[in-house]
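One file, coords.cif, carrying mmCIF, C-alpha atoms:
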```
data_structure
loop_
_atom_site.label_atom_id
_atom_site.label_comp_id
_atom_site.auth_asym_id
_atom_site.auth_seq_id
_atom_site.Cartn_x
_atom_site.Cartn_y
_atom_site.Cartn_z
CA MET A 1 92.78 100.98 65.37
CA THR A 2 95.48 101.03 68.00
CA TYR A 3 98.94 102.24 68.89
CA SER A 4 101.16 100.84 71.60
CA VAL A 5 104.65 100.64 73.04
CA VAL A 6 105.98 97.51 74.75
CA ALA A 7 109.31 97.64 76.55
CA HIS A 8 111.82 96.17 78.98
CA CYS A 9 114.10 98.06 81.38
CA LYS A 10 117.56 96.56 81.76
CA LYS A 11 118.22 98.51 84.97
CA THR A 12 115.18 97.26 86.87
CA SER A 13 114.18 94.14 84.85
CA GLN A 14 110.69 95.62 84.58
CA TYR A 15 108.39 94.99 81.62
CA GLY A 16 105.56 97.24 80.56
CA ILE A 17 103.09 98.40 77.94
CA ALA A 18 101.17 101.59 77.21
CA ILE A 19 98.40 101.45 74.64
CA ALA A 20 95.55 103.58 73.26
CA THR A 21 92.83 103.09 70.67
CA TYR A 22 89.55 104.37 69.25
CA SER A 23 87.73 101.29 70.60
CA PRO A 24 86.63 101.09 74.25
CA SER A 25 88.33 98.94 76.90
CA VAL A 26 91.66 98.36 75.13
CA GLY A 27 93.30 97.36 78.41
CA ALA A 28 91.11 94.27 78.60
CA ARG A 29 91.76 93.14 75.02
CA CYS A 30 95.29 93.69 73.74
CA PRO A 31 98.03 93.73 76.44
CA ILE A 32 99.77 90.56 77.58
CA LEU A 33 102.07 90.97 80.59
CA VAL A 34 103.92 88.03 82.15
CA PRO A 35 105.84 89.32 85.20
CA GLY A 36 109.54 88.59 84.99
CA LYS A 37 109.21 86.99 81.55
CA GLY A 38 107.97 89.46 78.94
CA VAL A 39 105.22 91.60 77.45
CA ALA A 40 103.27 91.69 74.21
CA SER A 41 100.35 93.26 72.38
CA VAL A 42 97.96 91.53 69.98
CA GLN A 43 96.15 94.37 68.26
CA ALA A 44 94.41 95.64 65.09
CA VAL A 45 91.85 92.84 65.35
CA ALA A 46 92.24 91.66 68.92
CA ASN A 47 91.79 87.97 69.75
CA PRO A 48 91.75 86.89 73.42
CA GLN A 49 92.58 83.32 72.41
CA LEU A 50 95.88 84.52 70.94
CA ASN A 51 96.53 86.47 74.13
CA ARG A 52 96.40 83.28 76.15
CA LEU A 53 98.77 81.50 73.77
CA ALA A 54 101.11 84.50 73.72
CA ALA A 55 101.29 84.42 77.52
CA GLN A 56 102.13 80.71 77.46
CA LEU A 57 104.88 81.23 74.88
CA ILE A 58 106.37 84.12 76.84
CA GLU A 59 106.24 82.03 80.01
CA SER A 60 108.09 79.20 78.25
CA GLY A 61 111.04 81.50 77.52
CA ARG A 62 110.76 81.54 73.73
CA CYS A 63 112.52 84.33 71.85
CA ALA A 64 110.42 87.24 70.60
CA ARG A 65 110.59 86.34 66.92
CA ASN A 66 109.68 82.74 67.62
CA ILE A 67 106.69 83.86 69.68
CA VAL A 68 105.37 86.03 66.85
CA GLU A 69 105.91 83.29 64.26
CA GLU A 70 104.20 80.71 66.46
CA LEU A 71 101.20 82.97 66.94
CA GLN A 72 100.98 83.56 63.21
CA SER A 73 101.25 79.86 62.40
CA CYS A 74 98.15 78.94 64.41
CA ASP A 75 96.11 82.03 63.54
CA PRO A 76 93.52 81.66 60.74
CA PHE A 77 93.74 85.42 60.09
CA PRO A 78 97.38 86.46 60.62
CA ALA A 79 97.19 89.23 58.01
CA SER A 80 94.60 91.00 60.19
CA ARG A 81 96.82 91.13 63.29
CA GLN A 82 99.55 93.41 64.51
CA LEU A 83 101.89 91.76 67.01
CA SER A 84 104.70 93.12 69.14
CA VAL A 85 106.69 91.19 71.76
CA ILE A 86 109.51 91.70 74.25
CA ASP A 87 110.90 88.37 75.42
CA ILE A 88 112.66 87.14 78.56
CA TYR A 89 115.99 88.30 77.11
CA GLY A 90 114.70 91.83 76.52
CA HIS A 91 114.71 91.37 72.75
CA SER A 92 111.96 92.95 70.65
CA TYR A 93 110.12 91.76 67.56
CA ALA A 94 107.00 92.99 65.79
CA SER A 95 104.87 92.19 62.77
CA THR A 96 102.20 94.15 60.91
CA GLY A 97 99.80 92.04 58.84
CA ALA A 98 99.07 93.01 55.25
CA ASN A 99 95.37 93.59 55.99
CA ASN A 100 96.02 96.22 58.65
CA ALA A 101 94.27 99.46 57.68
CA THR A 102 96.58 102.29 56.68
CA TRP A 103 98.61 103.81 58.05
CA ALA A 104 100.01 100.79 59.80
CA GLY A 105 103.52 99.79 60.79
CA HIS A 106 106.02 99.32 63.59
CA ILE A 107 109.45 100.28 64.86
CA THR A 108 111.65 98.08 67.04
CA GLY A 109 114.63 99.20 69.07
CA ASP A 110 116.80 98.13 71.96
CA GLY A 111 114.32 96.67 74.41
CA TYR A 112 111.19 98.23 72.94
CA ALA A 113 108.72 98.11 70.07
CA CYS A 114 106.18 100.70 68.92
CA ALA A 115 103.34 99.60 66.66
CA GLY A 116 100.13 101.11 65.34
CA ASN A 117 97.40 100.86 62.76
CA VAL A 118 94.72 103.22 61.40
CA LEU A 119 97.04 106.13 62.18
CA VAL A 120 97.36 109.54 60.55
CA GLY A 121 100.82 108.51 59.36
CA GLU A 122 104.21 107.00 60.11
CA SER A 123 105.05 110.10 62.15
CA VAL A 124 102.97 108.75 65.03
CA ILE A 125 105.16 105.69 65.53
CA ALA A 126 108.33 107.68 64.88
CA ALA A 127 107.36 110.18 67.58
CA MET A 128 106.61 107.38 70.04
CA ALA A 129 110.01 105.76 69.47
CA ALA A 130 111.81 109.10 69.75
CA ALA A 131 110.04 109.95 73.01
CA PHE A 132 110.83 106.56 74.51
CA GLU A 133 114.53 106.82 73.63
CA ALA A 134 114.78 110.45 74.79
CA SER A 135 113.49 109.61 78.28
CA SER A 136 116.02 106.91 79.14
CA ASN A 137 116.73 108.45 82.56
CA GLU A 138 113.10 108.11 83.64
CA PRO A 139 111.45 105.03 85.21
CA LEU A 140 109.95 102.64 82.67
CA ALA A 141 106.30 103.47 83.38
CA GLU A 142 106.98 107.18 82.82
CA ARG A 143 108.83 106.41 79.57
CA LEU A 144 105.85 104.41 78.38
CA MET A 145 103.47 107.25 79.21
CA ARG A 146 105.61 109.80 77.39
CA SER A 147 105.78 107.56 74.35
CA LEU A 148 101.99 107.18 74.32
CA GLU A 149 101.50 110.91 74.69
CA ALA A 150 103.93 111.56 71.86
CA GLY A 151 101.84 109.34 69.61
CA ARG A 152 98.74 111.32 70.51
CA ASP A 153 100.51 114.64 69.96
CA ALA A 154 101.70 113.45 66.54
CA GLY A 155 98.08 112.94 65.48
CA GLY A 156 97.21 109.48 66.76
CA GLN A 157 94.24 108.07 64.91
CA PRO A 158 92.05 110.13 62.53
CA GLU A 159 88.98 109.31 64.67
CA GLY A 160 90.76 110.12 67.93
CA GLN A 161 91.08 107.71 70.86
CA ASN A 162 88.58 106.46 73.45
CA SER A 163 90.55 104.12 75.73
CA ALA A 164 94.07 103.65 77.04
CA ALA A 165 96.00 101.48 79.49
CA LEU A 166 99.32 101.28 81.32
CA LEU A 167 100.68 98.02 82.75
CA LEU A 168 104.00 97.36 84.47
CA SER A 169 105.60 94.33 86.13
CA GLY A 170 108.59 94.04 88.42
CA ASP A 171 110.06 91.14 90.38
CA GLU A 172 106.67 90.26 91.85
CA CYS A 173 104.38 87.62 90.35
CA PHE A 174 101.68 90.22 89.72
CA PRO A 175 101.55 93.55 87.85
CA ILE A 176 102.70 96.45 90.01
CA VAL A 177 100.83 98.93 87.80
CA ASP A 178 97.56 98.11 86.04
CA LEU A 179 95.72 101.31 85.10
CA ARG A 180 92.95 101.57 82.53
CA VAL A 181 90.72 104.19 80.98
CA ASP A 182 87.91 102.28 79.31
CA LEU A 183 85.92 105.16 77.77
CA ASN A 184 86.97 108.79 77.62
CA ASP A 185 87.17 111.47 74.95
CA ALA A 186 90.80 112.12 75.96
CA PRO A 187 91.99 108.78 77.35
CA GLU A 188 95.72 109.57 77.30
CA ALA A 189 95.15 112.72 79.36
CA GLU A 190 92.96 110.81 81.79
CA LEU A 191 95.54 108.01 82.01
CA ARG A 192 98.21 110.63 82.73
CA ARG A 193 96.06 112.10 85.52
CA ILE A 194 95.56 108.66 87.07
CA TRP A 195 99.21 107.68 86.68
CA ASP A 196 100.48 110.91 88.25
CA TRP A 197 98.19 110.28 91.24
CA HIS A 198 99.08 106.58 91.45
CA ARG A 199 102.84 106.86 90.89
CA PRO A 200 103.84 107.66 94.51
CA MET A 201 101.49 104.91 95.73
CA VAL A 202 103.31 102.04 93.98
CA PRO A 203 105.67 101.37 96.94
CA TYR A 204 102.72 101.43 99.34
CA TYR A 205 100.71 98.79 97.53
CA LEU A 206 103.78 96.56 97.22
CA GLN A 207 104.42 96.90 100.94
CA ARG A 208 100.77 96.30 101.82
CA ALA A 209 100.77 93.02 99.91
CA VAL A 210 103.25 91.51 102.38
CA THR A 211 102.65 93.68 105.47
CA PRO A 212 98.92 94.02 106.21
CA SER A 213 99.63 96.18 109.26
CA VAL A 214 100.69 99.21 107.20
CA PRO A 215 98.50 102.32 107.54
CA ARG A 216 95.44 102.80 105.37
CA TRP A 217 96.24 104.16 101.92
CA TRP A 218 95.07 107.70 102.66
CA GLN A 219 97.12 107.86 105.86
CA TRP A 220 100.21 106.68 104.01
CA ARG A 221 99.59 109.16 101.19
CA MET A 222 99.22 112.08 103.60
CA GLU A 223 102.55 111.16 105.15
CA ASN A 224 104.39 110.69 101.87
CA VAL A 225 102.83 113.15 99.39
CA PRO A 226 103.40 116.73 100.58
CA GLY A 227 100.28 118.88 100.53
CA TRP A 228 97.84 116.01 99.96
CA ARG A 229 94.96 115.64 102.39
CA ALA A 230 92.28 112.94 102.45
CA ARG A 231 88.89 114.07 101.16
CA HIS A 232 86.97 113.00 104.24
CA LEU A 233 89.23 115.23 106.37
CA GLY A 234 88.42 118.29 104.27
CA SER A 235 90.42 120.32 101.73
CA ALA A 236 91.09 117.22 99.62
CA LYS A 237 93.57 117.41 96.76
#
```
Just give me the structure as structure tokens.
Amino acid sequence: MTYSVVAHCKKTSQYGIAIATYSPSVGARCPILVPGKGVASVQAVANPQLNRLAAQLIESGRCARNIVEELQSCDPFPASRQLSVIDIYGHSYASTGANNATWAGHITGDGYACAGNVLVGESVIAAMAAAFEASSNEPLAERLMRSLEAGRDAGGQPEGQNSAALLLSGDECFPIVDLRVDLNDAPEAELRRIWDWHRPMVPYYLQRAVTPSVPRWWQWRMENVPGWRARHLGSAK
């Protein structure tokens, strides 16, 4: 009951994932992000135990196909999973188990993989891949958002979606973007609203991690986002 895009940016070495589903709290269940090493999604029937193993395999530097095959070999229900991985080399690999509810499938390309199950049709995944490729001049997080939105606009799931998430890693040992919508009638739209607000703040939070003396977030935002004013000062935007 999920669709996702995992990807790697050759220009920045960033890894990321955008994902949405009919179930609540998808951001806590399916994404696996190992900064500097890779990204994956274990979806359809999520299993946190597989997530932990996937992270270990990505950390060890295994290739994407090997990671998927290793996960399948130790999984008692591999036919019920949908797996997609980008490895440390930027290579992509995905698998859709035979028990995934229709429509289910995946597309892999240069540095990305789109996968989904319980979709209105193959057009959802095709639209996601096309949107990701068409936005190659944009930063990775924005490309992931556009891909997710394209999946929604192509019909998404017959039941609609209730949760979504966007995660991104850079050179740091922690995610530089970790945004989640756990329950919303239009989670992609809400994730877009949050991402658009958060996007100019990414440099601030990276700076604050190593320089505690930086201004408070609202002071920094007022200085760097034209027209924005902190709520407690009046006329908030």
Task: Target residues per the PyMOL selection byres ((chain A and resi 68-81) around 7), formatted as number ranges by chain - done: A: 42-45, 50, 54, 64-67, 82-83, 96-100
Sphere at (102.2, 107.9, 92.9), radius 12 Å, counting only C-alpha atoms: residues as a count of residues only: 26
Using all atoms listed in the file, tabulate the residues of range 14-51 of chain A lying at most 9 Å from any atom of range 131-140 of chain A, each with its closest atom pair and that distance in Å to one decimal, by chain and increasing residue number, as a tab-separated table.
```
residue	atom	partner	partner_atom	distance
A:Gln14	CA	A:Leu140	CA	7.3
A:Tyr15	CA	A:Leu140	CA	7.9
A:Gly16	CA	A:Leu140	CA	7.3
```
Can you tell me which residues surround range 18-32 of chain A at a distance of at most 9 Å, considering only C-alpha atoms, apart from same-chain residues fewer than 6 positions away, and format the answer as an NGL selection string? :A and (1-6 or 38-44 or 46-48 or 51-52 or 54-55 or 141 or 144-145 or 147-148 or 152 or 156-157 or 159-168 or 178-184 or 187-188)
One decimal place gives the CA of Val85 in chain A-CA of Ala129 in chain A separation as 15.1 Å
Skipping near chain neighbours, those fewer than 4 positions away, what residues fall within 8 Å of Pro158 in chain A using all atoms listed in the file, listed as a ChimeraX atom specification?
/A:118-120
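Compared by their closest atoms to Ala189 in chain A, and using all atoms listed in the file, the residues A:Lys10, A:His91, A:His232, A:Arg146 rank with A:Arg146 nearest.
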